[in-house]
>>> print(open('entry30.tsv').read())   # TSV, C-alpha atoms
chain	number	residue	atom	x	y	z
S	1422	MET	CA	10.00	5.46	-8.76
S	1423	LEU	CA	7.06	5.51	-11.16
S	1424	TYR	CA	9.43	5.27	-14.13
S	1425	ASN	CA	11.90	2.55	-15.10
S	1426	GLN	CA	15.62	3.13	-14.61
S	1427	ASN	CA	16.09	3.89	-18.32
S	1428	VAL	CA	13.38	6.56	-18.41
S	1429	LYS	CA	13.73	9.99	-16.80
S	1430	PRO	CA	11.00	11.14	-14.36
S	1431	ILE	CA	8.53	13.48	-16.03
S	1432	PHE	CA	6.02	14.42	-13.38
S	1433	LYS	CA	5.56	15.18	-9.70
S	1434	VAL	CA	2.45	14.86	-7.54
S	1435	THR	CA	1.23	16.60	-4.42
S	1436	LEU	CA	0.99	14.87	-1.07
S	1437	LEU	CA	-2.60	14.37	0.02
S	1438	LEU	CA	-4.28	14.36	3.40
S	1439	LEU	CA	-4.39	10.88	4.95
S	1440	THR	CA	-7.84	10.01	6.29
S	1441	VAL	CA	-9.36	7.17	8.24
S	1442	VAL	CA	-12.74	5.51	7.64
S	1443	LEU	CA	-14.27	3.38	10.41
S	1444	LEU	CA	-16.64	0.61	9.38
S	1445	LEU	CA	-19.54	0.54	11.87
S	1446	ALA	CA	-22.27	-1.99	11.14
S	1447	SER	CA	-24.93	-4.04	12.87
S	1448	GLY	CA	-25.25	-7.82	12.89
S	1449	ASN	CA	-26.65	-9.93	10.06
S	1450	SER	CA	-26.81	-13.66	9.31
S	1451	GLN	CA	-25.45	-14.90	5.99
S	1452	ALA	CA	-26.26	-17.94	3.88
S	1453	ARG	CA	-23.34	-20.04	2.68
S	1454	ALA	CA	-23.78	-22.04	-0.52
S	1455	GLN	CA	-20.23	-23.28	-0.85
S	1456	THR	CA	-18.55	-26.20	0.84
S	1457	GLY	CA	-14.97	-27.16	1.56
S	1458	VAL	CA	-12.11	-25.65	3.47
S	1459	SER	CA	-12.25	-22.07	4.65
S	1460	GLY	CA	-10.21	-19.27	6.15
S	1461	PHE	CA	-11.24	-16.79	8.84
S	1462	PHE	CA	-9.86	-13.25	8.75
S	1463	ALA	CA	-9.68	-11.73	12.22
S	1464	GLU	CA	-8.84	-8.36	10.63
S	1465	THR	CA	-12.47	-7.98	9.46
S	1466	GLY	CA	-14.26	-10.85	11.19
S	1467	HIS	CA	-15.26	-12.66	7.98
S	1468	ASN	CA	-14.78	-16.11	6.48
S	1469	VAL	CA	-13.82	-17.14	2.95
S	1470	THR	CA	-14.98	-20.65	2.02
S	1471	GLY	CA	-15.16	-23.24	-0.74
S	1472	ASP	CA	-14.33	-22.13	-4.27
S	1473	PHE	CA	-13.83	-18.54	-3.15
S	1474	TRP	CA	-11.22	-19.70	-0.63
S	1475	ALA	CA	-9.50	-21.93	-3.16
S	1476	TYR	CA	-9.29	-19.05	-5.65
S	1477	TYR	CA	-8.04	-16.62	-3.01
S	1478	GLN	CA	-5.27	-19.02	-2.02
S	1479	SER	CA	-4.30	-19.60	-5.65
S	1480	VAL	CA	-3.30	-15.96	-6.20
S	1481	PRO	CA	0.15	-14.91	-4.94
S	1482	GLN	CA	0.01	-11.80	-2.73
S	1483	ALA	CA	-3.78	-12.22	-2.46
S	1484	ARG	CA	-4.04	-9.96	0.57
S	1485	GLN	CA	-2.26	-7.20	-1.30
S	1486	VAL	CA	-4.26	-7.67	-4.50
S	1487	PHE	CA	-7.74	-8.37	-3.10
S	1488	GLY	CA	-7.48	-7.14	0.47
S	1489	TYR	CA	-9.55	-8.73	3.23
S	1490	PRO	CA	-13.12	-10.03	2.97
S	1491	ILE	CA	-15.57	-7.36	4.12
S	1492	THR	CA	-18.70	-9.54	3.88
S	1493	GLU	CA	-19.58	-13.19	4.04
S	1494	ALA	CA	-20.59	-14.86	0.79
S	1495	PHE	CA	-24.23	-14.06	-0.01
S	1496	THR	CA	-26.72	-14.31	-2.86
S	1497	ASP	CA	-26.98	-11.10	-4.88
S	1498	SER	CA	-30.69	-10.36	-5.21
S	1499	ARG	CA	-30.08	-8.53	-8.50
S	1500	THR	CA	-28.27	-11.38	-10.28
S	1501	GLY	CA	-29.05	-14.46	-8.21
S	1502	ARG	CA	-25.35	-15.24	-8.05
S	1503	LEU	CA	-23.32	-16.03	-4.99
S	1504	VAL	CA	-20.90	-13.13	-4.42
S	1505	GLN	CA	-18.47	-11.94	-1.80
S	1506	TYR	CA	-16.92	-8.52	-1.33
S	1507	PHE	CA	-13.28	-7.90	-0.53
S	1508	THR	CA	-11.61	-4.57	0.08
S	1509	ARG	CA	-10.45	-4.31	-3.54
S	1510	ALA	CA	-12.57	-6.87	-5.37
S	1511	ARG	CA	-15.89	-8.65	-5.72
S	1512	PHE	CA	-15.84	-12.42	-6.25
S	1513	GLU	CA	-18.69	-13.93	-8.27
S	1514	PHE	CA	-19.55	-17.65	-8.46
S	1515	TYR	CA	-20.48	-19.26	-11.82
S	1516	PRO	CA	-21.45	-22.90	-11.13
S	1517	GLU	CA	-22.14	-23.48	-14.83
S	1518	PHE	CA	-18.41	-23.22	-15.61
S	1519	PRO	CA	-15.91	-26.10	-15.22
S	1520	GLU	CA	-14.27	-26.70	-11.85
S	1521	GLY	CA	-11.38	-24.33	-11.33
S	1522	GLN	CA	-13.01	-21.63	-13.50
S	1523	ARG	CA	-16.10	-20.88	-11.45
S	1524	VAL	CA	-14.83	-17.81	-9.61
S	1525	ARG	CA	-14.77	-14.60	-11.62
S	1526	LEU	CA	-13.75	-11.09	-10.62
S	1527	ALA	CA	-16.28	-8.33	-11.23
S	1528	ASP	CA	-15.17	-5.57	-13.63
S	1529	LEU	CA	-15.23	-2.93	-10.90
S	1530	GLY	CA	-12.73	-0.66	-12.67
S	1531	GLN	CA	-14.88	-0.61	-15.80
S	1532	THR	CA	-18.04	0.01	-13.76
S	1533	LEU	CA	-16.62	2.79	-11.59
S	1534	TYR	CA	-14.47	4.56	-14.20
S	1535	GLN	CA	-14.97	8.32	-14.44
S	1536	PRO	CA	-12.62	10.05	-16.94
S	1537	GLY	CA	-10.10	12.44	-15.42
S	1538	ALA	CA	-7.46	14.79	-16.79
S	1539	SER	CA	-5.36	12.65	-19.14
S	1540	LEU	CA	-1.54	12.56	-19.10
S	1541	ASP	CA	0.22	11.47	-22.29
S	1542	MET	CA	3.28	9.66	-20.96
S	1543	PHE	CA	3.77	6.87	-23.49
S	1544	THR	CA	7.31	5.90	-24.45
S	1545	PRO	CA	8.44	2.69	-26.15
S	1546	LEU	CA	11.23	2.37	-23.58
S	1547	GLY	CA	8.98	1.86	-20.57
S	1548	CYS	CA	5.50	0.92	-21.76
S	1549	GLN	CA	3.51	-2.03	-23.08
S	1550	ALA	CA	0.52	-1.54	-25.38
S	1551	PHE	CA	-2.73	-3.52	-25.05
S	1552	SER	CA	-5.64	-4.34	-27.35
S	1553	THR	CA	-7.81	-1.73	-25.63
S	1554	GLY	CA	-5.64	1.00	-27.18
S	1555	PHE	CA	-3.97	1.97	-23.90
S	1556	SER	CA	-0.51	1.26	-22.53
S	1557	VAL	CA	0.81	0.40	-19.08
S	1558	CYS	CA	4.09	2.09	-18.19
S	1559	TYR	CA	6.93	2.41	-15.69
S	1560	ALA	CA	6.24	1.21	-12.12
S	1561	PHE	CA	2.60	0.57	-12.98
S	1562	LEU	CA	3.77	-1.93	-15.58
S	1563	ASP	CA	6.16	-3.54	-13.08
S	1564	TYR	CA	3.34	-3.90	-10.54
S	1565	PHE	CA	0.90	-5.15	-13.18
S	1566	THR	CA	3.30	-7.83	-14.42
S	1567	THR	CA	4.43	-8.96	-10.96
S	1568	ASN	CA	0.95	-9.36	-9.49
S	1569	GLY	CA	-0.96	-11.34	-12.08
S	1570	GLY	CA	-1.29	-9.06	-15.09
S	1571	GLU	CA	-4.38	-9.13	-17.27
S	1572	ALA	CA	-5.77	-12.28	-15.63
S	1573	ILE	CA	-6.19	-10.40	-12.35
S	1574	PHE	CA	-6.55	-6.73	-13.27
S	1575	GLY	CA	-7.93	-6.95	-16.81
S	1576	ALA	CA	-6.70	-4.71	-19.60
S	1577	PRO	CA	-6.06	-0.97	-19.12
S	1578	ILE	CA	-9.07	1.20	-19.97
S	1579	SER	CA	-7.43	4.60	-19.46
S	1580	SER	CA	-4.06	6.28	-19.77
S	1581	PHE	CA	-2.43	7.99	-16.78
S	1582	GLU	CA	-4.97	10.43	-15.33
S	1583	PHE	CA	-5.24	12.87	-12.44
S	1584	HIS	CA	-7.93	12.00	-9.87
S	1585	ASN	CA	-8.13	13.93	-6.60
S	1586	GLY	CA	-4.53	15.08	-6.95
S	1587	ARG	CA	-3.19	11.58	-7.58
S	1588	ILE	CA	-1.84	10.01	-10.75
S	1589	VAL	CA	-3.97	6.91	-11.39
S	1590	GLN	CA	-4.71	4.42	-14.15
S	1591	TYR	CA	-7.89	2.38	-14.55
S	1592	PHE	CA	-8.03	-1.27	-15.55
S	1593	GLN	CA	-11.11	-3.39	-16.13
S	1594	ARG	CA	-10.93	-4.72	-12.58
S	1595	ALA	CA	-8.69	-2.30	-10.71
S	1596	ARG	CA	-7.40	1.24	-10.26
S	1597	PHE	CA	-3.68	1.79	-9.74
S	1598	GLU	CA	-2.68	4.86	-7.72
S	1599	TRP	CA	0.75	6.47	-7.34
S	1600	TYR	CA	1.96	7.41	-3.83
S	1601	PRO	CA	5.49	8.87	-4.16
S	1602	GLU	CA	5.64	9.59	-0.43
S	1603	LEU	CA	5.63	5.86	0.42
S	1604	ALA	CA	8.71	3.64	0.62
S	1605	ASP	CA	10.25	2.06	-2.47
S	1606	GLY	CA	8.29	-1.01	-3.49
S	1607	GLN	CA	5.08	0.38	-1.96
S	1608	LYS	CA	4.46	3.40	-4.16
S	1609	VAL	CA	1.86	1.68	-6.38
S	1610	VAL	CA	-1.35	1.19	-4.41
S	1611	LEU	CA	-4.59	-0.47	-5.47
S	1612	ALA	CA	-7.76	1.52	-4.79
S	1613	ASP	CA	-10.36	-0.09	-2.53
S	1614	LEU	CA	-12.80	-0.61	-5.39
S	1615	GLY	CA	-14.61	-3.43	-3.61
S	1616	ARG	CA	-15.63	-1.16	-0.75
S	1617	ILE	CA	-16.28	1.78	-3.07
S	1618	TYR	CA	-18.62	-0.30	-5.24
S	1619	PHE	CA	-20.29	-1.81	-2.16
S	1620	ASP	CA	-21.17	1.69	-0.96
S	1621	GLN	CA	-22.14	3.03	-4.38
S	1622	ILE	CA	-24.74	0.39	-5.32
S	1623	PRO	CA	-25.56	0.51	-2.35
S	1624	GLU	CA	-25.43	-2.88	-0.67
S	1625	ASP	CA	-26.96	-3.55	2.74
S	1626	PRO	CA	-24.48	-2.16	5.32
S	1627	ASN	CA	-25.49	-4.97	7.69
S	1628	LEU	CA	-23.45	-7.29	5.46
S	1629	LEU	CA	-20.29	-5.66	6.86
S	1630	ALA	CA	-20.97	-6.90	10.39
S	1631	PRO	CA	-18.22	-9.23	11.66
S	1632	VAL	CA	-19.05	-12.89	12.14
S	1633	ARG	CA	-17.52	-14.45	15.22
S	1634	PRO	CA	-16.93	-18.19	14.81
S	1635	SER	CA	-17.98	-20.36	17.73
S	1636	ASN	CA	-14.37	-21.12	18.59
S	1637	ILE	CA	-13.49	-17.43	18.98
S	1638	ILE	CA	-13.78	-16.21	22.57
S	1639	GLU	CA	-15.99	-13.13	22.96
S	1640	SER	CA	-13.21	-10.98	24.36
S	1641	ILE	CA	-10.44	-8.66	23.26
S	1642	LEU	CA	-7.55	-10.94	22.37
S	1643	GLU	CA	-5.49	-8.46	20.35
S	1644	ILE	CA	-5.28	-4.72	19.88
S	1645	ARG	CA	-3.95	-2.76	16.94
S	1646	ALA	CA	-3.44	0.95	16.41
S	1647	HIS	CA	-3.54	3.13	13.31
S	1648	ALA	CA	-2.06	6.64	13.53
S	1649	PHE	CA	-2.59	9.41	10.97
S	1650	MET	CA	-1.64	13.06	10.79
S	1651	GLN	CA	-4.23	15.56	9.58
S	1652	LYS	CA	-1.55	17.26	7.47
S	1653	ALA	CA	1.25	15.44	5.70
S	1654	VAL	CA	3.07	18.79	5.44
S	1655	THR	CA	2.90	21.84	7.75
S	1656	GLY	CA	4.55	25.21	7.91
S	1657	PRO	CA	7.31	25.99	10.47
S	1658	VAL	CA	4.57	27.61	12.57
S	1659	ASP	CA	1.25	25.83	12.18
S	1660	GLU	CA	-1.51	23.73	13.76
S	1661	GLN	CA	-1.45	19.93	13.49
S	1662	THR	CA	-3.76	17.11	14.63
S	1663	LEU	CA	-2.99	13.47	15.33
S	1664	TYR	CA	-5.68	10.81	14.90
S	1665	VAL	CA	-5.28	7.39	16.53
S	1666	VAL	CA	-7.73	4.51	16.05
S	1667	VAL	CA	-7.54	1.52	18.42
S	1668	GLN	CA	-9.25	-1.71	17.34
S	1669	ASP	CA	-9.54	-5.30	18.52
S	1670	GLN	CA	-8.99	-8.48	16.50
S	1671	THR	CA	-12.34	-8.06	14.69
S	1672	LEU	CA	-11.74	-4.35	13.99
S	1673	GLY	CA	-14.17	-3.38	16.73
S	1674	PRO	CA	-13.36	-0.18	18.66
S	1675	VAL	CA	-11.45	-0.47	21.93
S	1676	ARG	CA	-12.60	2.00	24.55
S	1677	ASN	CA	-10.40	3.27	27.41
S	1678	ALA	CA	-7.12	2.07	25.93
S	1679	ILE	CA	-4.26	4.25	27.14
S	1680	VAL	CA	-2.66	6.00	24.16
S	1681	ALA	CA	0.82	7.40	24.88
S	1682	VAL	CA	2.17	9.79	22.25
S	1683	VAL	CA	5.75	11.05	21.90
S	1684	VAL	CA	6.44	13.79	19.34
S	1685	THR	CA	10.11	14.11	18.39
S	1686	TRP	CA	10.77	17.56	16.96
S	1687	SER	CA	13.40	18.52	14.40
S	1688	ASP	CA	15.88	19.66	17.08
S	1689	GLY	CA	15.66	16.33	18.91
S	1690	SER	CA	13.44	17.59	21.73
S	1691	GLN	CA	10.39	15.51	22.65
S	1692	GLN	CA	6.83	16.24	23.72
S	1693	SER	CA	4.76	13.54	25.47
S	1694	ILE	CA	1.08	13.16	26.27
S	1695	SER	CA	-1.22	10.27	27.22
S	1696	MET	CA	-4.99	9.99	27.02
S	1697	PRO	CA	-7.67	7.25	26.84
S	1698	SER	CA	-9.48	6.25	23.66
S	1699	ASP	CA	-13.17	7.16	23.44
S	1700	GLU	CA	-16.18	4.90	22.75
S	1701	ASN	CA	-15.21	4.80	19.07
S	1702	GLY	CA	-11.69	3.69	19.92
S	1703	THR	CA	-10.27	7.02	18.78
S	1704	VAL	CA	-7.98	9.71	20.14
S	1705	ILE	CA	-7.88	13.14	18.51
S	1706	LEU	CA	-4.90	15.18	19.63
S	1707	PRO	CA	-4.41	18.73	18.29
S	1708	PHE	CA	-1.09	20.45	18.96
S	1709	ALA	CA	0.88	23.49	17.86
S	1710	VAL	CA	3.91	23.43	15.55
S	1711	THR	CA	6.39	26.19	16.33
S	1712	GLY	CA	9.95	27.07	15.36
S	1713	GLN	CA	10.64	24.00	13.23
S	1714	ALA	CA	13.38	23.85	10.60
S	1715	HIS	CA	12.36	23.99	6.94
S	1716	GLY	CA	12.48	20.55	5.32
S	1717	SER	CA	12.76	18.64	8.61
S	1718	LEU	CA	10.79	15.52	9.53
S	1719	VAL	CA	8.78	15.33	12.77
S	1720	LEU	CA	8.27	11.80	14.11
S	1721	VAL	CA	5.19	10.83	16.12
S	1722	ASP	CA	5.50	7.56	18.07
S	1723	VAL	CA	2.32	6.00	19.51
S	1724	GLN	CA	2.13	3.27	22.16
S	1725	VAL	CA	-1.21	1.77	23.18
S	1726	PHE	CA	-1.88	-0.23	26.35
S	1727	TYR	CA	-5.03	-2.17	27.24
S	1728	GLU	CA	-5.42	-4.83	29.97
S	1729	GLY	CA	-1.95	-6.29	29.52
S	1730	LEU	CA	-1.96	-5.90	25.73
S	1731	GLN	CA	0.33	-3.48	23.91
S	1732	THR	CA	0.79	-2.29	20.36
S	1733	ASP	CA	2.69	0.50	18.58
S	1734	ALA	CA	2.21	2.80	15.63
S	1735	LEU	CA	4.45	5.37	14.00
S	1736	THR	CA	3.61	8.33	11.78
S	1737	SER	CA	5.28	11.58	10.77
S	1738	PHE	CA	4.91	14.85	8.93
S	1739	ARG	CA	7.21	17.18	7.04
S	1740	ILE	CA	7.95	20.85	7.75
S	1741	TRP	CA	7.77	23.05	4.64
S	1742	GLN	CA	7.32	26.67	3.70
>>> encode(input="entry30.tsv", output="structure tokens")
Amino acid sequence: MLYNQNVKPIFKVTLLLLTVVLLLASGNSQARAQTGVSGFFAETGHNVTGDFWAYYQSVPQARQVFGYPITEAFTDSRTGRLVQYFTRARFEFYPEFPEGQRVRLADLGQTLYQPGASLDMFTPLGCQAFSTGFSVCYAFLDYFTTNGGEAIFGAPISSFEFHNGRIVQYFQRARFEWYPELADGQKVVLADLGRIYFDQIPEDPNLLAPVRPSNIIESILEIRAHAFMQKAVTGPVDEQTLYVVVQDQTLGPVRNAIVAVVVTWSDGSQQSISMPSDENGTVILPFAVTGQAHGSLVLVDVQVFYEGLQTDALTSFRIWQ
């Protein structure tokens, strides 16, 4: 829950449409100015090296906090600094600082902040005040404290606000978002400010192109599937659409994968259909919703098969009036 156990809940939020964004980019060579050990992320096809890699490894839950690298390290033509973009952050290299202090996080929250409708939810029982004049409360405070606090996220620069139907709070280097529909322990989500800032500047989209190390075979070694419903909630009689994205180990699209879908309705009956993914690795499956019980959950199980490889995905939607 967004509040601590000693504080009663005082707001509700609306479920939002889940959407998928595919990153399609062309190739580009990158200069590397750092030395030392490195890590390669098959999820995006990018490397993290030198001081950037050392800093990434030094932060507990780094993949949750920063996400994956979405570029190689490169020299920013505007500042002359070596930088690297991650899903939720931008690393900047300051060689003039002492060793161990040379990697700084860009203040993406401060840069991207746009005031929204404010929610006054302060209470001394569940909040902590900061020098910026704002407080962090409830589950946001728990997440903030557990994952590095001010050293990682900076100080809060807003109170609770509504943005696009979500309750959010901005920090100097992050934006916390509240997803009550997710499982306990996963309801606080960090916005992808690294990618948002990358697109807003805008940076060269060629920087997103995966880099395949020489020891990686040019073939599909792994497949993964992401399944999303167009509507998180439908009526008892309605139209629904399932979206499935099939990708390889570098997040490239997998064409002609066999996608088998089983819809389990509220009465226990099942509906099955199979179809191949298109050139973008996607399957779009519209279907009718009829005669479903109010408040019931419809499960959608997805199995994907490609040249001896297999992966699964599961999604669902709720029936409501």
>>> atom_distance(input="entry30.tsv", atom1="CA of Ala1714 in chain S", atom2="CA of Ser1737 in chain S")
14.7 Å
>>> atom_distance(input="entry30.tsv", atom1="CA of Arg1484 in chain S", atom2="CA of Gly1547 in chain S")
27.5 Å
>>> residues_near_point(input="entry30.tsv", point="(-7.3, 4.4, -21.8)", cutoff="10 Å", atoms="all atoms listed in the file", output="MDAnalysis selection string")
chainID S and resid 1536 1539 1551 1553:1557 1576:1582 1590:1592
>>> axis_aligned_box(input="entry30.tsv", around="range 1616-1622 of chain S", padding_each_side="4 Å", output="JSON")
{"center_x": -20.2, "center_y": 0.6, "center_z": -3.0, "size_x": 17.1, "size_y": 12.8, "size_z": 12.6}
>>> residues_near_point(input="entry30.tsv", point="(-8.8, -3.5, -13.4)", cutoff="12 Å", atoms="only C-alpha atoms", output="MDAnalysis selection string")
chainID S and resid 1486:1487 1509:1511 1526:1534 1557 1565 1569:1579 1589:1598 1611:1615
>>> residues_around(input="entry30.tsv", residues="range 1501-1503 of chain S", least_positions_apart="3", cutoff="8 Å", atoms="all atoms listed in the file", output="VMD selection string")
chain S and resid 1454 1494 to 1498 1513 to 1515
>>> residues_around(input="entry30.tsv", residues="Pro1657 in chain S", least_positions_apart="6", cutoff="6 Å", atoms="only C-alpha atoms", output="JSON, numbers by chain")
{"S": [1711, 1712, 1713, 1740]}
>>> closest_residue(input="entry30.tsv", among="S:Gln1661, S:Thr1703, S:Asn1568, S:Gln1724", to="Ala1681 in chain S", atoms="only C-alpha atoms")
S:Gln1724
>>> residues_around(input="entry30.tsv", residues="Tyr1664 in chain S", least_positions_apart="4", cutoff="7 Å", atoms="all atoms listed in the file", output="VMD selection string")
chain S and resid 1648 to 1650 1704 to 1706
>>> closest_residue(input="entry30.tsv", among="S:Ser1459, S:Thr1685, S:Gln1535, S:Ser1690", to="Val1721 in chain S", atoms="all atoms listed in the file")
S:Thr1685
>>> atom_distance(input="entry30.tsv", atom1="CA of Leu1718 in chain S", atom2="CA of Leu1735 in chain S")
12.8 Å
>>> closest_atom_pairs(input="entry30.tsv", of="range 1526-1578 of chain S", to="range 1599-1607 of chain S", cutoff="12 Å", atoms="only C-alpha atoms", output="JSON lines")
{"residue": "S:Tyr1559", "atom": "CA", "partner": "S:Trp1599", "partner_atom": "CA", "distance": 11.2}
{"residue": "S:Ala1560", "atom": "CA", "partner": "S:Trp1599", "partner_atom": "CA", "distance": 9.0}
{"residue": "S:Phe1561", "atom": "CA", "partner": "S:Trp1599", "partner_atom": "CA", "distance": 8.4}
{"residue": "S:Asp1563", "atom": "CA", "partner": "S:Gly1606", "partner_atom": "CA", "distance": 10.1}
{"residue": "S:Tyr1564", "atom": "CA", "partner": "S:Gly1606", "partner_atom": "CA", "distance": 9.1}
{"residue": "S:Thr1567", "atom": "CA", "partner": "S:Gly1606", "partner_atom": "CA", "distance": 11.6}
>>> closest_residue(input="entry30.tsv", among="S:Phe1708, S:Tyr1506, S:Phe1619, S:Tyr1727", to="Tyr1489 in chain S", atoms="all atoms listed in the file")
S:Tyr1506
